[in-house]
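Notes follow once the structure below has been shown.
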Amino acid sequence: MNNIKKELSSEQREELLSVLKARFEKNKNRHQGLEWTNVLAKLEANPEKLWSLDEMEISGGEPDVVGYDPKTDEYIFYDCAAESPKGRRSVCYDHEALESRKEHKPENSAVEMAADMGIALLTEEQYRQLQQLGNFDLKTSSWVQTPAEIRKRGGALFCDRRYDTVFLYHNGAESYYAARGFRGSLRV
């Protein structure tokens, strides 16, 4: 996907900024003390990040600001859709897992899709932070970054929320389900 122009047209840009602003204003609990004008300035200065946010949006992620890192002067966006993004489900964990399947291969993997979009899979810690902002993945689940030691043994990690509790599970990295996708993060 490296040959694809990672730039939005002015119309796409304005439409995305309008959606992001409306979501930002509607969900102030996710980013208390932060101002849209500052976020907008960062977005306008980083068009390639806007492209990644658009990829998050069109795949059903509903990205929103969830924090600010003063050390790096970056705003942090997570996928905030109620359920794991619809356009990113039915994927195994990574390319190695995809290649290991002999039949019934999914179309893609979570790690590859995230890389193509210019985002990172949420870590378990980030996933738990997201769950402090609302109730997510009540019917779906999301792959999360998996430690090398687990991945080396063929496994991968995913999370969901059931019984008002956030659970961390493991599965074979090559597995995929219609209700499992992944959530991403982006720093701008």
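In the structure tokens, each chain is lettered A, B, ... as it comes, each chain's residues begin at 1, and ligands are numbered from 1 in order of appearance.
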Report the closest atom pair, with its distance in Å rounded to one decimal, for each residue of range 95-156 of chain A that has an atom no farther than 12 Å from range 5-24 of chain A; count only C-alpha atoms, sort by chain and then rising residue number, and write it as CSV.
```
residue,atom,partner,partner_atom,distance
A:Asp116,CA,A:Lys6,CA,10.2
A:Met117,CA,A:Lys6,CA,9.2
A:Gly118,CA,A:Lys6,CA,9.6
```
Please tabulate, as JSON lines, the residues of range 51-143 of chain A that come within 9 Å of range 157-174 of chain A, each with its closest pair of atoms and the distance in Å to one decimal, counting only C-alpha atoms and ordering rows by chain, then residue number upward.
```
{"residue": "A:Val91", "atom": "CA", "partner": "A:Glu174", "partner_atom": "CA", "distance": 8.6}
{"residue": "A:Cys92", "atom": "CA", "partner": "A:Glu174", "partner_atom": "CA", "distance": 5.1}
{"residue": "A:Tyr93", "atom": "CA", "partner": "A:Ala173", "partner_atom": "CA", "distance": 5.0}
{"residue": "A:Asp94", "atom": "CA", "partner": "A:Ala173", "partner_atom": "CA", "distance": 7.1}
{"residue": "A:Glu96", "atom": "CA", "partner": "A:Glu174", "partner_atom": "CA", "distance": 8.2}
{"residue": "A:Ala97", "atom": "CA", "partner": "A:Glu174", "partner_atom": "CA", "distance": 4.3}
{"residue": "A:Leu98", "atom": "CA", "partner": "A:Glu174", "partner_atom": "CA", "distance": 5.9}
{"residue": "A:Glu99", "atom": "CA", "partner": "A:Glu174", "partner_atom": "CA", "distance": 8.5}
{"residue": "A:Ser100", "atom": "CA", "partner": "A:Glu174", "partner_atom": "CA", "distance": 7.0}
{"residue": "A:Arg101", "atom": "CA", "partner": "A:Glu174", "partner_atom": "CA", "distance": 6.6}
{"residue": "A:Lys105", "atom": "CA", "partner": "A:Glu174", "partner_atom": "CA", "distance": 8.8}
{"residue": "A:Ser109", "atom": "CA", "partner": "A:Glu174", "partner_atom": "CA", "distance": 8.9}
{"residue": "A:Glu124", "atom": "CA", "partner": "A:Cys159", "partner_atom": "CA", "distance": 7.6}
{"residue": "A:Tyr127", "atom": "CA", "partner": "A:Cys159", "partner_atom": "CA", "distance": 7.7}
{"residue": "A:Arg128", "atom": "CA", "partner": "A:Val166", "partner_atom": "CA", "distance": 7.1}
{"residue": "A:Gln131", "atom": "CA", "partner": "A:Val166", "partner_atom": "CA", "distance": 7.5}
{"residue": "A:Asn135", "atom": "CA", "partner": "A:Arg161", "partner_atom": "CA", "distance": 7.3}
{"residue": "A:Phe136", "atom": "CA", "partner": "A:Arg161", "partner_atom": "CA", "distance": 6.6}
{"residue": "A:Asp137", "atom": "CA", "partner": "A:Asp160", "partner_atom": "CA", "distance": 5.3}
{"residue": "A:Leu138", "atom": "CA", "partner": "A:Arg161", "partner_atom": "CA", "distance": 5.3}
{"residue": "A:Lys139", "atom": "CA", "partner": "A:Arg161", "partner_atom": "CA", "distance": 8.0}
{"residue": "A:Thr140", "atom": "CA", "partner": "A:Asp160", "partner_atom": "CA", "distance": 6.7}
{"residue": "A:Ser141", "atom": "CA", "partner": "A:Asp160", "partner_atom": "CA", "distance": 4.6}
{"residue": "A:Ser142", "atom": "CA", "partner": "A:Phe158", "partner_atom": "CA", "distance": 5.3}
{"residue": "A:Trp143", "atom": "CA", "partner": "A:Phe158", "partner_atom": "CA", "distance": 4.0}
```
Written file, previous selection with N, CA, C and O atoms, as a tab-separated table (two decimals), in the first residue's frame:
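Writing done, so here's selection.tsv:
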```tsv
chain	number	residue	atom	x	y	z
A	91	VAL	N	-10.27	-10.71	10.93
A	91	VAL	CA	-8.85	-10.71	10.57
A	91	VAL	C	-8.09	-11.49	11.64
A	91	VAL	O	-8.45	-11.45	12.82
A	92	CYS	N	-7.05	-12.21	11.20
A	92	CYS	CA	-6.18	-12.86	12.18
A	92	CYS	C	-5.22	-11.81	12.74
A	92	CYS	O	-5.33	-10.63	12.42
A	93	TYR	N	-4.27	-12.24	13.58
A	93	TYR	CA	-3.46	-11.26	14.29
A	93	TYR	C	-2.41	-10.57	13.41
A	93	TYR	O	-2.35	-9.36	13.36
A	94	ASP	N	-1.54	-11.35	12.73
A	94	ASP	CA	-0.47	-10.73	11.95
A	94	ASP	C	-0.19	-11.52	10.67
A	94	ASP	O	-0.84	-12.54	10.39
A	96	GLU	N	2.36	-13.36	9.71
A	96	GLU	CA	2.84	-14.72	9.95
A	96	GLU	C	1.66	-15.66	10.21
A	96	GLU	O	1.61	-16.78	9.68
A	97	ALA	N	0.70	-15.23	11.00
A	97	ALA	CA	-0.50	-16.02	11.29
A	97	ALA	C	-1.31	-16.24	10.01
A	97	ALA	O	-1.80	-17.34	9.74
A	98	LEU	N	-1.45	-15.20	9.21
A	98	LEU	CA	-2.19	-15.28	7.95
A	98	LEU	C	-1.54	-16.31	7.02
A	98	LEU	O	-2.21	-17.17	6.44
A	99	GLU	N	-0.22	-16.24	6.91
A	99	GLU	CA	0.50	-17.16	6.04
A	99	GLU	C	0.45	-18.61	6.54
A	99	GLU	O	0.56	-19.54	5.75
A	100	SER	N	0.30	-18.79	7.84
A	100	SER	CA	0.27	-20.14	8.40
A	100	SER	C	-1.03	-20.88	8.11
A	100	SER	O	-1.08	-22.10	8.20
A	101	ARG	N	-2.07	-20.17	7.75
A	101	ARG	CA	-3.36	-20.82	7.46
A	101	ARG	C	-3.29	-21.50	6.10
A	101	ARG	O	-2.94	-20.89	5.11
A	105	LYS	N	-8.42	-18.68	4.57
A	105	LYS	CA	-7.65	-17.53	5.05
A	105	LYS	C	-8.52	-16.29	5.10
A	105	LYS	O	-9.30	-16.04	4.18
A	109	SER	N	-4.70	-9.17	8.09
A	109	SER	CA	-4.39	-9.33	9.51
A	109	SER	C	-4.47	-7.97	10.19
A	109	SER	O	-4.31	-6.93	9.55
A	124	GLU	N	-2.77	-3.56	25.82
A	124	GLU	CA	-3.74	-3.92	26.86
A	124	GLU	C	-3.99	-2.72	27.77
A	124	GLU	O	-5.13	-2.41	28.12
A	127	TYR	N	-6.17	-0.23	26.04
A	127	TYR	CA	-7.53	-0.76	25.96
A	127	TYR	C	-8.26	-0.54	27.28
A	127	TYR	O	-9.41	-0.11	27.31
A	128	ARG	N	-7.57	-0.79	28.38
A	128	ARG	CA	-8.18	-0.60	29.71
A	128	ARG	C	-8.44	0.89	29.96
A	128	ARG	O	-9.45	1.26	30.58
A	131	GLN	N	-11.59	1.82	28.20
A	131	GLN	CA	-12.77	1.32	28.91
A	131	GLN	C	-13.14	2.19	30.10
A	131	GLN	O	-14.27	2.12	30.59
A	135	ASN	N	-18.35	2.15	27.86
A	135	ASN	CA	-18.46	0.70	27.73
A	135	ASN	C	-18.29	0.32	26.27
A	135	ASN	O	-19.15	0.60	25.44
A	136	PHE	N	-17.17	-0.32	25.96
A	136	PHE	CA	-16.83	-0.68	24.58
A	136	PHE	C	-16.73	-2.20	24.45
A	136	PHE	O	-16.38	-2.89	25.41
A	137	ASP	N	-16.99	-2.69	23.26
A	137	ASP	CA	-16.89	-4.12	22.94
A	137	ASP	C	-17.76	-4.97	23.86
A	137	ASP	O	-17.31	-5.98	24.41
A	138	LEU	N	-19.03	-4.61	23.97
A	138	LEU	CA	-19.96	-5.42	24.75
A	138	LEU	C	-20.41	-6.66	23.97
A	138	LEU	O	-20.86	-7.64	24.56
A	139	LYS	N	-20.30	-6.62	22.64
A	139	LYS	CA	-20.70	-7.75	21.79
A	139	LYS	C	-19.56	-8.25	20.93
A	139	LYS	O	-19.66	-9.31	20.32
A	140	THR	N	-18.50	-7.47	20.81
A	140	THR	CA	-17.36	-7.83	19.96
A	140	THR	C	-16.11	-7.92	20.82
A	140	THR	O	-16.17	-7.72	22.03
A	141	SER	N	-14.99	-8.21	20.18
A	141	SER	CA	-13.70	-8.21	20.88
A	141	SER	C	-12.67	-7.59	19.95
A	141	SER	O	-12.90	-7.45	18.75
A	142	SER	N	-11.52	-7.21	20.52
A	142	SER	CA	-10.49	-6.53	19.75
A	142	SER	C	-9.11	-7.10	20.06
A	142	SER	O	-8.74	-7.24	21.24
A	143	TRP	N	-8.37	-7.44	18.99
A	143	TRP	CA	-6.96	-7.83	19.15
A	143	TRP	C	-6.22	-6.68	19.81
A	143	TRP	O	-6.51	-5.52	19.52
```
With a cut-off of 9 Å, could you pull out the residues of range 46-121 of chain A touching range 34-37 of chain A and give me the nearest pair of atoms for each, distance in Å to one decimal, using only C-alpha atoms, ordered by chain and ascending number, as JSON lines?
```
{"residue": "A:Val65", "atom": "CA", "partner": "A:Leu34", "partner_atom": "CA", "distance": 8.9}
{"residue": "A:Gly67", "atom": "CA", "partner": "A:Leu34", "partner_atom": "CA", "distance": 8.1}
{"residue": "A:Tyr68", "atom": "CA", "partner": "A:Leu34", "partner_atom": "CA", "distance": 7.9}
```
Selection file, all heavy atoms, as an mmCIF file, in the first residue's frame:
```cif
data_model
loop_
_atom_site.group_PDB
_atom_site.id
_atom_site.type_symbol
_atom_site.label_atom_id
_atom_site.label_comp_id
_atom_site.auth_asym_id
_atom_site.auth_seq_id
_atom_site.Cartn_x
_atom_site.Cartn_y
_atom_site.Cartn_z
ATOM 1 N N VAL A 65 -10.222 12.134 20.339
ATOM 2 C CA VAL A 65 -9.105 12.472 21.227
ATOM 3 C C VAL A 65 -9.400 11.884 22.610
ATOM 4 O O VAL A 65 -10.478 12.084 23.157
ATOM 5 C CB VAL A 65 -8.938 14.001 21.335
ATOM 6 C CG1 VAL A 65 -7.824 14.357 22.303
ATOM 7 C CG2 VAL A 65 -8.672 14.612 19.971
ATOM 8 N N GLY A 67 -6.593 11.944 24.951
ATOM 9 C CA GLY A 67 -5.564 12.458 25.837
ATOM 10 C C GLY A 67 -4.574 13.350 25.126
ATOM 11 O O GLY A 67 -4.627 13.534 23.907
ATOM 12 N N TYR A 68 -3.682 13.909 25.927
ATOM 13 C CA TYR A 68 -2.627 14.786 25.426
ATOM 14 C C TYR A 68 -1.350 14.432 26.175
ATOM 15 O O TYR A 68 -1.354 14.264 27.395
ATOM 16 C CB TYR A 68 -2.983 16.258 25.668
ATOM 17 C CG TYR A 68 -1.876 17.216 25.330
ATOM 18 C CD1 TYR A 68 -1.548 17.478 24.005
ATOM 19 C CD2 TYR A 68 -1.140 17.833 26.331
ATOM 20 C CE1 TYR A 68 -0.516 18.353 23.680
ATOM 21 C CE2 TYR A 68 -0.105 18.716 26.023
ATOM 22 C CZ TYR A 68 0.199 18.958 24.696
ATOM 23 O OH TYR A 68 1.229 19.819 24.378
#
```
Write down as a PyMOL selection string the residues belonging to range 4-164 of chain A that are assigned strand (DSSP E or B) by DSSP computed on the backbone.
-> chain A and resi 63-69+74-79+92+109+120-121+141-144+155-162
Mind checking DSSP for range 3-176 of chain A and telling me the helix (DSSP H, G or I) residues as a PyMOL selection string?
-> chain A and resi 10-26+28-30+36-45+47-58+86-88+95-100+110-117+124-131+148-152
Residue nearest Gly184 in chain A - candidates A:Val66, A:Ile76, A:Val39, A:Leu121, atoms counted: only C-alpha atoms |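 With only C-alpha atoms as the atom set, the closest residue is A:Leu121.
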Would you kindly return, as an NGL selection string, each protein, DNA or RNA residue with an atom no farther than 7 Å from any atom of Glu74 in chain A, considering only C-alpha atoms and excluding same-chain residues fewer than 3 positions away?
-> :A and (68-70 or 187-188)
Residue neighbourhood Pro63 in chain A, 9 Å, only C-alpha atoms, exclusion window fewer than 3 positions, as a PDB file with N, CA, C and O atoms, in the first residue's frame:
```
ATOM      1  N   LEU A  20     -14.859  15.013  13.082  1.00  0.00           N
ATOM      2  CA  LEU A  20     -14.007  14.945  14.280  1.00  0.00           C
ATOM      3  C   LEU A  20     -14.381  16.023  15.292  1.00  0.00           C
ATOM      4  O   LEU A  20     -14.434  15.765  16.503  1.00  0.00           O
ATOM      5  N   ARG A  23     -17.683  15.090  17.017  1.00  0.00           N
ATOM      6  CA  ARG A  23     -17.454  14.003  17.983  1.00  0.00           C
ATOM      7  C   ARG A  23     -16.718  14.536  19.214  1.00  0.00           C
ATOM      8  O   ARG A  23     -17.034  14.161  20.339  1.00  0.00           O
ATOM      9  N   LEU A  53      -6.411   9.195  10.191  1.00  0.00           N
ATOM     10  CA  LEU A  53      -7.686   9.349  10.897  1.00  0.00           C
ATOM     11  C   LEU A  53      -8.863   9.056   9.974  1.00  0.00           C
ATOM     12  O   LEU A  53      -9.865   8.466  10.389  1.00  0.00           O
ATOM     13  N   ASP A  54      -8.746   9.447   8.709  1.00  0.00           N
ATOM     14  CA  ASP A  54      -9.794   9.151   7.737  1.00  0.00           C
ATOM     15  C   ASP A  54      -9.912   7.648   7.531  1.00  0.00           C
ATOM     16  O   ASP A  54     -11.017   7.112   7.446  1.00  0.00           O
ATOM     17  N   MET A  56      -9.217   5.414   9.754  1.00  0.00           N
ATOM     18  CA  MET A  56      -9.875   4.931  10.970  1.00  0.00           C
ATOM     19  C   MET A  56     -11.381   5.163  10.863  1.00  0.00           C
ATOM     20  O   MET A  56     -12.179   4.287  11.211  1.00  0.00           O
ATOM     21  N   GLU A  57     -11.749   6.336  10.388  1.00  0.00           N
ATOM     22  CA  GLU A  57     -13.164   6.706  10.280  1.00  0.00           C
ATOM     23  C   GLU A  57     -13.906   5.831   9.276  1.00  0.00           C
ATOM     24  O   GLU A  57     -14.962   5.277   9.587  1.00  0.00           O
ATOM     25  N   GLY A  60     -14.911   2.395  10.291  1.00  0.00           N
ATOM     26  CA  GLY A  60     -15.866   2.279  11.385  1.00  0.00           C
ATOM     27  C   GLY A  60     -15.319   2.537  12.772  1.00  0.00           C
ATOM     28  O   GLY A  60     -15.986   2.255  13.765  1.00  0.00           O
ATOM     29  N   PHE A  77      -5.332   9.896  19.818  1.00  0.00           N
ATOM     30  CA  PHE A  77      -6.629   9.442  19.314  1.00  0.00           C
ATOM     31  C   PHE A  77      -6.724   7.928  19.474  1.00  0.00           C
ATOM     32  O   PHE A  77      -5.750   7.217  19.217  1.00  0.00           O
ATOM     33  N   TYR A  78      -7.899   7.449  19.885  1.00  0.00           N
ATOM     34  CA  TYR A  78      -8.220   6.012  19.899  1.00  0.00           C
ATOM     35  C   TYR A  78      -9.496   5.827  19.086  1.00  0.00           C
ATOM     36  O   TYR A  78     -10.316   6.753  18.988  1.00  0.00           O
ATOM     37  N   ASP A  79      -9.689   4.599  18.597  1.00  0.00           N
ATOM     38  CA  ASP A  79     -10.986   4.240  18.021  1.00  0.00           C
ATOM     39  C   ASP A  79     -11.983   4.178  19.169  1.00  0.00           C
ATOM     40  O   ASP A  79     -11.771   3.453  20.142  1.00  0.00           O
ATOM     41  N   CYS A  80     -13.068   4.947  19.059  1.00  0.00           N
ATOM     42  CA  CYS A  80     -14.051   5.013  20.135  1.00  0.00           C
ATOM     43  C   CYS A  80     -15.427   4.493  19.718  1.00  0.00           C
ATOM     44  O   CYS A  80     -16.435   4.785  20.371  1.00  0.00           O
ATOM     45  N   ALA A  81     -15.490   3.708  18.642  1.00  0.00           N
ATOM     46  CA  ALA A  81     -16.758   3.094  18.243  1.00  0.00           C
ATOM     47  C   ALA A  81     -17.213   2.163  19.365  1.00  0.00           C
ATOM     48  O   ALA A  81     -16.381   1.558  20.055  1.00  0.00           O
ATOM     49  N   GLY A 184      -7.326   0.967  17.112  1.00  0.00           N
ATOM     50  CA  GLY A 184      -6.027   1.584  16.928  1.00  0.00           C
ATOM     51  C   GLY A 184      -5.859   2.877  17.695  1.00  0.00           C
ATOM     52  O   GLY A 184      -6.809   3.444  18.225  1.00  0.00           O
ATOM     53  N   SER A 185      -4.587   3.299  17.751  1.00  0.00           N
ATOM     54  CA  SER A 185      -4.255   4.589  18.346  1.00  0.00           C
ATOM     55  C   SER A 185      -3.389   5.365  17.361  1.00  0.00           C
ATOM     56  O   SER A 185      -2.697   4.782  16.526  1.00  0.00           O
ATOM     57  N   LEU A 186      -3.466   6.670  17.487  1.00  0.00           N
ATOM     58  CA  LEU A 186      -2.679   7.558  16.637  1.00  0.00           C
ATOM     59  C   LEU A 186      -2.298   8.775  17.458  1.00  0.00           C
ATOM     60  O   LEU A 186      -3.137   9.354  18.162  1.00  0.00           O
TER      61      LEU A 186
END
```
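Atom pair CA of Pro106 in chain A / CA of Glu83 in chain A: separated by 19.8 Å.
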